[in-house]
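Worksheet: one structure, shown below.
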Amino acid sequence: MTLNPKLTKLLNEQINNEMSSSYVYLAMAAWFEQTPYSGFAKWMFTQSREETMHALKFYQYLVDRDAKVELQPIAKPKMDFKSPLDVFQHSLKQEQRVTQQINDLFEVAEQVKDHASKNLLLWFLNEQMEEEKTVGDMLNRLKLAGNDTASLLVLDREAGSRPSAGGAPDVTPGA
Ligand SMILES: [Fe+2]
Ligand SMILES: [Fe+2]
């Protein structure tokens with residue numbers, strides 16, 4: 001089944017959205033590297049790699065569907081932040097934006113009755129739910145910690161214990 005042109009365009013845009021997301025997280029990692037919070041830096045770096053994997057998943061899906069891949073420029077990300085709380089606030093907004101994008105994509109897939117695309121997008125909707133929860137939880141704890149350095153360092157250590165996304169990215173749609 002040929003991929004619908006509108007869906008093809010939106011899936012290509014989503015490659016860009018995910019790569020932009022990866023770039024945003026890499027900028028956040030770089031910001032944390034300039035602070036004592038090495039755990040948050042590692043967390044952001046790992047998240048950046050995950051977003052690249054998301055982009056590759058959309059890329060591979062387009063290739064598998066025999067559709068044309070069109071890559072667009074990636075915008076310069078925000079590089080300056082006020083605090084760990086400020087970074088995670090931006091992160092949550094970004095994830096909410098991506099959830100909206102995937103929701104919109106799902107709606108188009110539904111309109112054109114492309115069930116394979118719906119299946120791919122369902123995987124992403126679940127992923128978004130998890131990411132919003134992870135970021136939201138950290139944000140709540142950062143709010144509680146406030147300016148208490150000891151509490152912030154505990155959260156930093158916890159963030160640093162996140163397993164890093166090592167090895168080759170799994171780009172199998174739905175995996
Ligand atoms: Fe993503
Ligand atoms: Fe994400």
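Scheme for the structure tokens: letters A, B, ... for chains in order shown; per-chain residue numbers from 1; ligand numbers from 1 in order shown.
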
Report as an MDAnalysis selection string which protein, DNA and RNA residues come within 10 Å of ligand 2, using only C-alpha atoms and all ligand atoms. chainID A and resid 17:18 21:22 25 47:48 50:52 54 91:92 94:99 124 127:132 135

Please save N, CA and C atoms of the selected residues as an mmCIF file, in the first residue's frame.
data_model
loop_
_atom_site.group_PDB
_atom_site.id
_atom_site.type_symbol
_atom_site.label_atom_id
_atom_site.label_comp_id
_atom_site.auth_asym_id
_atom_site.auth_seq_id
_atom_site.Cartn_x
_atom_site.Cartn_y
_atom_site.Cartn_z
ATOM 1 N N ASN A 17 11.335 16.844 13.813
ATOM 2 C CA ASN A 17 10.930 17.154 15.197
ATOM 3 C C ASN A 17 11.748 16.351 16.205
ATOM 4 N N GLU A 18 11.975 15.070 15.904
ATOM 5 C CA GLU A 18 12.721 14.212 16.833
ATOM 6 C C GLU A 18 14.208 14.580 16.843
ATOM 7 N N SER A 21 14.484 17.648 18.812
ATOM 8 C CA SER A 21 14.346 17.270 20.207
ATOM 9 C C SER A 21 15.682 16.752 20.735
ATOM 10 N N SER A 22 16.344 15.930 19.940
ATOM 11 C CA SER A 22 17.652 15.387 20.314
ATOM 12 C C SER A 22 18.646 16.532 20.528
ATOM 13 N N TYR A 25 17.948 18.420 23.785
ATOM 14 C CA TYR A 25 18.453 17.686 24.958
ATOM 15 C C TYR A 25 19.980 17.731 25.022
ATOM 16 N N GLN A 47 19.023 11.038 27.010
ATOM 17 C CA GLN A 47 17.739 11.414 26.408
ATOM 18 C C GLN A 47 17.937 11.894 24.971
ATOM 19 N N SER A 48 19.020 12.626 24.752
ATOM 20 C CA SER A 48 19.323 13.092 23.404
ATOM 21 C C SER A 48 19.487 11.904 22.455
ATOM 22 N N GLU A 50 18.176 8.962 22.817
ATOM 23 C CA GLU A 50 16.860 8.325 22.622
ATOM 24 C C GLU A 50 16.066 9.048 21.542
ATOM 25 N N GLU A 51 16.147 10.378 21.552
ATOM 26 C CA GLU A 51 15.398 11.158 20.552
ATOM 27 C C GLU A 51 15.958 10.912 19.148
ATOM 28 N N THR A 52 17.278 10.750 19.060
ATOM 29 C CA THR A 52 17.867 10.411 17.755
ATOM 30 C C THR A 52 17.323 9.064 17.292
ATOM 31 N N HIS A 54 14.459 7.835 17.995
ATOM 32 C CA HIS A 54 13.078 8.054 17.535
ATOM 33 C C HIS A 54 13.084 8.539 16.084
ATOM 34 N N SER A 91 11.896 20.963 29.266
ATOM 35 C CA SER A 91 11.826 19.590 28.800
ATOM 36 C C SER A 91 10.371 19.094 28.780
ATOM 37 N N LEU A 92 9.621 19.392 29.839
ATOM 38 C CA LEU A 92 8.225 18.937 29.894
ATOM 39 C C LEU A 92 7.399 19.591 28.781
ATOM 40 N N GLN A 94 8.454 20.635 25.961
ATOM 41 C CA GLN A 94 8.853 20.035 24.698
ATOM 42 C C GLN A 94 8.179 18.677 24.498
ATOM 43 N N GLU A 95 8.153 17.869 25.551
ATOM 44 C CA GLU A 95 7.522 16.545 25.426
ATOM 45 C C GLU A 95 6.016 16.682 25.165
ATOM 46 N N GLN A 96 5.395 17.668 25.801
ATOM 47 C CA GLN A 96 3.955 17.885 25.574
ATOM 48 C C GLN A 96 3.698 18.285 24.118
ATOM 49 N N ARG A 97 4.620 19.075 23.571
ATOM 50 C CA ARG A 97 4.497 19.492 22.168
ATOM 51 C C ARG A 97 4.611 18.265 21.257
ATOM 52 N N VAL A 98 5.590 17.408 21.542
ATOM 53 C CA VAL A 98 5.787 16.213 20.707
ATOM 54 C C VAL A 98 4.571 15.289 20.804
ATOM 55 N N THR A 99 4.014 15.145 21.995
ATOM 56 C CA THR A 99 2.818 14.309 22.161
ATOM 57 C C THR A 99 1.704 14.826 21.249
ATOM 58 N N PHE A 124 4.676 5.206 19.659
ATOM 59 C CA PHE A 124 5.162 6.535 20.025
ATOM 60 C C PHE A 124 4.272 7.209 21.072
ATOM 61 N N GLU A 127 5.264 5.793 24.307
ATOM 62 C CA GLU A 127 6.584 6.340 24.643
ATOM 63 C C GLU A 127 6.433 7.761 25.206
ATOM 64 N N GLN A 128 5.564 8.564 24.577
ATOM 65 C CA GLN A 128 5.344 9.944 25.028
ATOM 66 C C GLN A 128 4.740 9.985 26.430
ATOM 67 N N MET A 129 3.815 9.048 26.676
ATOM 68 C CA MET A 129 3.204 8.988 28.003
ATOM 69 C C MET A 129 4.272 8.753 29.067
ATOM 70 N N GLU A 130 5.188 7.803 28.769
ATOM 71 C CA GLU A 130 6.278 7.494 29.700
ATOM 72 C C GLU A 130 7.197 8.692 29.884
ATOM 73 N N GLU A 131 7.548 9.343 28.781
ATOM 74 C CA GLU A 131 8.503 10.454 28.870
ATOM 75 C C GLU A 131 7.899 11.629 29.633
ATOM 76 N N GLU A 132 6.627 11.910 29.374
ATOM 77 C CA GLU A 132 5.979 13.010 30.115
ATOM 78 C C GLU A 132 5.956 12.692 31.604
ATOM 79 N N VAL A 135 9.653 12.977 33.118
ATOM 80 C CA VAL A 135 10.059 14.387 33.250
ATOM 81 C C VAL A 135 9.196 15.096 34.298
#

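In this model, the gap between atom CA of Ser83 of chain A and atom CA of Ile102 of chain A comes to 29.1 Å.
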
Grab the atom CA of Met28 of chain A to atom CA of Val69 of chain A distance for me, in Å with one decimal place. 28.2 Å

In Å, with one decimal, what is the gap from atom CA of Asp114 of chain A to atom CA of Phe58 of chain A?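 Pair atom CA of Asp114 of chain A / atom CA of Phe58 of chain A returns 15.1 Å.
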
Pick from A:Glu70, A:Gly39, A:Lys9, A:Asn126 nearest to ligand 1, counting only C-alpha atoms and all ligand atoms: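 Of A:Glu70, A:Gly39, A:Lys9, A:Asn126, the one nearest ligand 1, counting only C-alpha atoms and all ligand atoms, is A:Asn126.
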
Which of these residues is nearest to Asp137 of chain A, using only C-alpha atoms: A:Leu120, A:Ala150, A:Leu155, A:Ala29? A:Leu155

Between segment 86-146 of chain A and segment 158-161 of chain A, at 12 Å or less, what are the per-residue closest atom pairs and their distances in Å? Count only C-alpha atoms, order by chain and rising residue number, and return it as a Markdown table.
| residue | atom | partner | partner_atom | distance |
| --- | --- | --- | --- | --- |
| A:Phe88 | CA | A:Ala159 | CA | 11.9 |
| A:Thr134 | CA | A:Ala159 | CA | 10.5 |
| A:Val135 | CA | A:Ala159 | CA | 10.7 |
| A:Asp137 | CA | A:Ala159 | CA | 11.5 |
| A:Met138 | CA | A:Ala159 | CA | 8.7 |
| A:Leu139 | CA | A:Ala159 | CA | 11.8 |
| A:Arg141 | CA | A:Glu158 | CA | 11.3 |
| A:Leu142 | CA | A:Ala159 | CA | 11.5 |

Run DSSP on the backbone and grab whatever in chain A lands in alpha helix (DSSP H); send it over as a ChimeraX atom specification. /A:5-33,38-64,84-111,115-145,149-160

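With only C-alpha atoms as the atoms that count, the minimum distance from Leu26 of chain A to the choices A:Tyr59, A:Phe106, A:Trp123, A:Phe40 is reached by A:Phe40.
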
Which residue, A:Asp80, A:Asp148, A:Glu107, A:Asp156, has the smallest gap to Leu10 of chain A when you use only C-alpha atoms?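 Among A:Asp80, A:Asp148, A:Glu107, A:Asp156, it is A:Glu107 that comes nearest to Leu10 of chain A.
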
Among the residues A:Leu144, A:Ala27, A:Met53, A:Leu3, the one that comes closest to ligand 1 [using only C-alpha atoms and all ligand atoms]: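 Checking each of A:Leu144, A:Ala27, A:Met53, A:Leu3 against ligand 1, counting only C-alpha atoms and all ligand atoms, the winner is A:Met53.
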
Nearest to ligand 1: which of A:Met79, A:Val63, A:Val24, A:Leu85 is it, counting only C-alpha atoms and all ligand atoms?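 Nearest to ligand 1: A:Val24.
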